[in-house]
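Enquirer: Here it is: the structure, laid out below.
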Amino acid sequence: MISAAGLGKRFGDGWVFRGITFQLPERGLVVVLGPNGSGKTTLLKILATLLEPTEGEVEILGLSWGEARRRLRREVLYAHQEPVVLSGTVEDNLFCRDYDVEDALGLRPVLRKKAKSLSGGYRKLVTLARVLACRPKVALLDEPTAFLDPEKRQIAAAHIAEYSRKNLVVWTSHYPSELPPAERLYELRDGALKELSNIR
Amino acid sequence: MSAEELVGIVLNTLYVSTIPTLFSAAVGTPLAVYLHLRGGQAAAAAEAVFNGLVGMPTVLLGLLLYLLLSRSGPLGSLQLLYTLNAVVIGHAVLILPLYLSFALTALKGVEPKVREVVEMFRLGHLGAFRLYVREAAWGLAAAAVAAYGRALGELGIALMLGGDIRYKTRVLTTAVAHETMLGNWDSALQLGAVLLALALAVSAVVNALGFRYRG
Amino acid sequence: MSKIGYLIIAIVVLAVAAAVLYVASSGAPPSPTTATQATPPVQQTTATASPKTEATPPAKTTLYMATTTSVKDTGLLDVLIPDFERWAAARGYNVEVRYTAVGTGQALLMASRGDVDVVLVHAPSLEKQYLENGTLKCRDVIAYNFFIVVGPKDDPAGVRGLTAVEAFRKIAQAKAPFVSRGDKSGTHVMELSLWRKAIGRVPDPKTDQWYISAGAGMGQTLLLANEKRAYTLSDTGTWLRYRDKLPELDVVISASPDLINIYSFSIVKPSEAAKLMAQYMLTRGQAVMANLTIAGSPLFTPITKADPKAMEWIKPAIFGPSCVG
C-alpha cells in the first residue's frame, strides 16, 4: 500500500531522517511515535507528496512519488497538526461533504458558523473533517488529538478507529498513552524508524 | 463655477479613477495569485520589477504614452489623445504595478499551510484563485484603495494625456491646478476638499466592509 | 455578506455607471443655440435606420490645437473653445477642439510633427521660422497685450517710465534683484531677448548673484519676486490675478513697445474646420477675447480694436499668408 526504502530527507545541512524503510498495510491504524522535532510531520508530508524526498524510494498506492503527485486526486490526504482554518463558514472549509463524518465529529451544530470564530478544539475538528470527509484511502493525521479536550478526543479517536477499518490511517503522536489499538507501532527517533512490537 | 460644472468634473474624476482601479484589480489579482503560487526565481524577479515600477516618474510615463497615442505615433489613428480614455489608459498603466505590489504583500500574509491544503486537495487554478482571494480579501481591498487613491490624486498624467479641457477632460486635480494658476486659491481649496472627500469616502467604505467581514 | 455590504456595492456601481454614462454622453455634439435650421443632435436608436434626408447629422471633426501654458492660464480657453464649438454648431458644423497647453517651443514642435491641426501662440520670431519651413501654412495675428515689468514699490533701480531695454540695463548696473521664470516659456524667451538687447548677454545666476532663476510658472515667479522684493517680467493676466498676494510689488513699466506680446492663430493642417476656426478668431472670437477681464481690466486687446500706436509696433509681426479670405 505504502512502502518506503532508504527514505531520507535533508533540509540544508542537516538530515531529518535517513535510511527509513517500512511497509504499511492497505488498511488499519499505524501509529508513529516520536519526540518533537523528530521528523514525523516531514515523513507524513512526504507521503502526502507535499515534500520531495532527498533520497530513497517511496511507493504510494503502487505509484512512485512523482507519479503519485501527478496522478493521484484525493486518495492520500494529510491533516495538519496545527488547525488550518479558511475564511468563511465551517461548510466552506469542507471540500467534500459527508453527513456521517460531520455528524461523528460533532460539527453539525456549527456548520454555518464562521470557522475562524471557533475555538482551537473545533478548528482541529474542522481540519480533520476536511480530510476524512473526502474518504481518502490513506489518511495521514498529524497528532489528531492535539488541541482537543478530553470529550472531543474520545469522539475523534472513536471515529478514526472506525475509519481505519476500511482505510489506512497513519497517526503520529509524541504522547504514548491514550492511543486506540493499532496494527503497527513505530518510533521515529534520532533520524531512524524502529518498529515497536504491538504490546499495549 | 456652477454646480453642474463641478458635478461634471467629479464624474470625470470618478471615471478616470475607478475604471483603472477595476482594471488593475481584474488583471492584477489573478496575476498576483499566479506569481505567489508559482514562487521561484521568475516570480521573485517579476515582483522586483513591479516594486521598481511603482517609483516610475509620471512625467516619463506621460511622455511615453504621448508618443504612443499622438497622431504621428503608432496608435494615433485611435484618436485617443486629450480624451478621458487616454487618461484612463495612463492611470491603468500607472497603478497596475502599485496594485500588484500591494496584492503580493497581501498574499504573502496568507499562511503557508493554506498552500499545502490547496495543493493537496487538488483544487485547480480556479479553485486556488477563489480561495486565495477570500483569504487575502482584506489585503486586496486595501490594495485597491491604495491604487484608487493614487489615480485620484494624479495630476501629471491627467494633464499630459487629457489636457484639462474645460467640460471635457477636466478632473479634480487639473481643476485645482488650473484654479491655483489663475490665482483663485479659494476655488482651488474647495476643489481640493472635494478631492480629499472622495479619497476618504472610499477608504471609509472599505474599512467598514472590513469590520463587517472580520466580524 | 451583510445587507450594508450590498448597499455599499450598489452605491459604488451606481457611481461608476453614472460616471461612465456622463462621459459617454458628453461625446455627443453640443446642441445648437438657434433651433430653426439646426441639424438635429445625434440620436442613437436601435430601431430602423434614419431616413437619408438632408437632416442627417454632420460628421464629427476633431481639431487638435497646441497652445501655450500662458494662454491657458489666462482662462481664455475655458471660454473661447466652448464658444467656438457652439458657434460652429450653429453653422452646421460638429467640431470638437482638443487642446493642449505646453511650452511655446513644444507647441511648435508638435506642429512640425503633425500632431496638431492649429496652433495659438505668441512668439512671432519663432513662428516666422516655422512658417518659412512650411510647418505653418497660414497665420493671422488675432490679439495683443503687453508684458509688464514689476518691481519693488520703492523702485531702487529707478526704472519707472523707461523702455524695457533701458530698464533692464539699469537693473543690471544696479545689480538689483531680478527673478526670471527660467523655464523656456514665451515669457522667459522674451525676457532673454530683452537682456541681450540691454547688456549684450544673458545674466548667469552663478556669476550674477542678483539674478535668480526660478524655473517655475508665472504665479510662482511673482510670489518669489514678492518675497525677495525683486524685479521680474510678467504677463498682464497673471499679475492682475495675483495682485492681492503681492503687497511688495508694483507695475514699473507697462505698454512699452519692446514689451508688446502678439498672439496669432496658425493652421498646420488645412481643413474646413481649421479654416472655420480661423474665421471665428477674427470675428466672434474678437468679442470673446475683449470680454475677458480681471477686476475690470481686459487681458487682451483684439486686433480689430488695436489702437494706432500699437499697430505701429505690431506691423512687423504680421507676415505670411492669411488663413481667411
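Letters A, B, ... mark the chains of the C-alpha cells in the order given; residue numbers begin at 1 per chain; ligand numbers begin at 1, in order shown.
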Specify as number ranges by chain all residues of chain B found within 9 Å of chain C, counting only C-alpha atoms.
Expert: B: 8, 10-15, 18-19, 70-73, 76, 79, 81-84, 159-168, 178-184, 205, 208-209, 212-213
Enquirer: Using only C-alpha atoms, which chain A residues lie at most 7 Å away from chain B, written as a VMD selection string?
Expert: chain A and resid 50 73 to 74 77 84 86 to 87
Enquirer: Those selected residues, please, written with N, CA and C atoms and delivered as a JSON list (two decimals), in the first residue's frame.
Expert:
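Wrote out.json, looks like this:
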[["chain", "number", "residue", "atom", "x", "y", "z"],
["A", 50, "LEU", "N", 3.64, 16.37, -0.48],
["A", 50, "LEU", "CA", 3.83, 17.82, -0.30],
["A", 50, "LEU", "C", 5.30, 18.17, -0.24],
["A", 73, "ARG", "N", -5.63, 11.95, -7.05],
["A", 73, "ARG", "CA", -6.52, 13.09, -6.84],
["A", 73, "ARG", "C", -6.64, 13.32, -5.35],
["A", 74, "ARG", "N", -7.53, 12.65, -4.67],
["A", 74, "ARG", "CA", -7.64, 12.88, -3.23],
["A", 74, "ARG", "C", -7.57, 11.57, -2.47],
["A", 77, "LEU", "N", -4.52, 11.99, 1.82],
["A", 77, "LEU", "CA", -4.69, 13.34, 2.36],
["A", 77, "LEU", "C", -4.02, 13.47, 3.72],
["A", 84, "VAL", "N", -5.86, 24.21, 10.49],
["A", 84, "VAL", "CA", -5.83, 25.12, 9.35],
["A", 84, "VAL", "C", -7.26, 25.47, 9.01],
["A", 86, "LEU", "N", -9.90, 28.08, 7.00],
["A", 86, "LEU", "CA", -10.03, 29.07, 5.93],
["A", 86, "LEU", "C", -11.14, 30.04, 6.27],
["A", 87, "SER", "N", -11.13, 31.17, 5.56],
["A", 87, "SER", "CA", -12.18, 32.16, 5.77],
["A", 87, "SER", "C", -13.52, 31.59, 5.35]]
Enquirer: Based on the backbone DSSP call, show me all residues of stretch 33-193 of chain B assigned helix (DSSP H, G or I), as a PyMOL selection string.
Expert: chain B and resi 33-38+40-54+58-69+76-78+84-108+112-120+124-135+137-152+156-162+172-181+185-193
Enquirer: Hey, can you check how far atom CA of A:Glu57 sits from atom CA of A:Ala5?
Expert: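 Atom CA of A:Ala5 lies 5.2 Å from atom CA of A:Glu57.
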Enquirer: Tell me which protein, DNA and RNA residues are within 12 Å of B:His91, counting only C-alpha atoms, leaving out same-chain ones fewer than 4 positions away, and put them as a compact mmCIF listing (two decimals) with C-alpha atoms, in the first residue's frame.
Expert:
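Once everything was written out, this is around28.txt:
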# COMPACT_ATOMS: atom_id res chain seq x y z
CA THR B 13 -12.66 62.18 -11.88
CA TYR B 15 -14.34 57.83 -14.45
CA VAL B 16 -10.56 58.12 -14.60
CA SER B 17 -10.07 56.73 -11.10
CA THR B 18 -12.45 53.82 -10.77
CA ILE B 19 -12.05 52.27 -14.20
CA PRO B 20 -8.26 51.98 -13.94
CA THR B 21 -8.70 50.56 -10.41
CA LEU B 22 -11.18 47.96 -11.59
CA PHE B 23 -8.85 47.09 -14.44
CA SER B 24 -5.89 46.75 -12.09
CA THR B 58 4.72 60.00 -14.06
CA LEU B 61 5.11 57.55 -18.36
CA GLY B 62 3.15 60.51 -19.72
CA LEU B 65 2.14 57.31 -23.76
CA LEU B 84 -10.59 60.91 -20.79
CA ASN B 85 -9.92 57.45 -22.20
CA ALA B 86 -6.29 58.34 -22.72
CA VAL B 87 -6.13 59.34 -19.07
CA ILE B 95 -1.42 51.96 -10.84
CA LEU B 96 -1.15 48.36 -12.01
CA PRO B 97 2.36 47.89 -10.54
CA LEU B 98 1.17 49.54 -7.35
CA TYR B 99 -1.77 47.19 -7.04
CA ALA B 147 -4.41 52.15 -6.24
CA TYR B 148 -7.62 54.18 -6.41
CA GLY B 149 -6.14 56.88 -4.18
CA ARG B 150 -3.10 57.12 -6.40
CA ALA B 151 -5.17 57.56 -9.53
CA LEU B 152 -7.44 60.04 -7.79
CA GLY B 153 -4.61 62.33 -6.81
CA GLU B 154 -2.61 62.04 -10.02
CA LEU B 155 -2.06 65.32 -11.84
CA GLY B 156 0.68 64.79 -14.39
CA ILE B 157 -0.96 62.04 -16.40
CA ALA B 158 -4.34 63.74 -16.41
CA LEU B 159 -2.72 66.92 -17.67
CA MET B 160 -0.43 65.43 -20.27
CA LEU B 161 -2.85 62.92 -21.74
CA GLY B 162 -6.12 64.71 -21.04
Enquirer: For the structure I just gave you, how does DSSP split stretch 78-179 of chain A - specifically, which residues are strand (DSSP E or B)? Reply as a ChimeraX atom specification.
Expert: /A:78-79,89,114,138-142,168-173
Enquirer: Quick one: residues within 6 Å of stretch 171-186 of chain A, only C-alpha atoms, excluding same-chain residues fewer than 3 positions away - as number ranges by chain?
Expert: A: 29-35, 141-143, 194-196
Enquirer: Please, what distance in Å, to one decimal, runs between atom CA of A:Pro83 and atom CA of A:Thr41?
Expert: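 Result for atom CA of A:Pro83 versus atom CA of A:Thr41: 13.7 Å, one decimal.
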Enquirer: For stretch 175-185 of chain C, work out the shell of residues within 7 Å, counting only C-alpha atoms and skipping chain neighbours fewer than 4 positions away, then give it as number ranges by chain.
Expert: C: 103-104, 157, 171, 189, 210-218, 221, 225, 230-232
Enquirer: What is the distance between atom CA of B:Ser187 and atom CA of B:Ala204, in Å to one decimal?
Expert: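 These atoms are spaced 25.5 Å apart.
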Enquirer: Using only C-alpha atoms, can you tell me which of A:Gly37, A:Ile60, A:Glu55, A:Thr89 comes closest to chain C?
Expert: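 Of all the options, A:Thr89 lies closest to chain C.
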Enquirer: Can you tell me, as a list in words, what residues are no more than 8 Å from A:Leu148 when counting only C-alpha atoms, ignoring any on the same chain fewer than 3 positions away?
Expert: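 Skipping anything fewer than 3 positions along the chain leaves Gly120, Gly121, Tyr122, Lys124, Thr145, Glu151, Lys152 and Arg153 of chain A.
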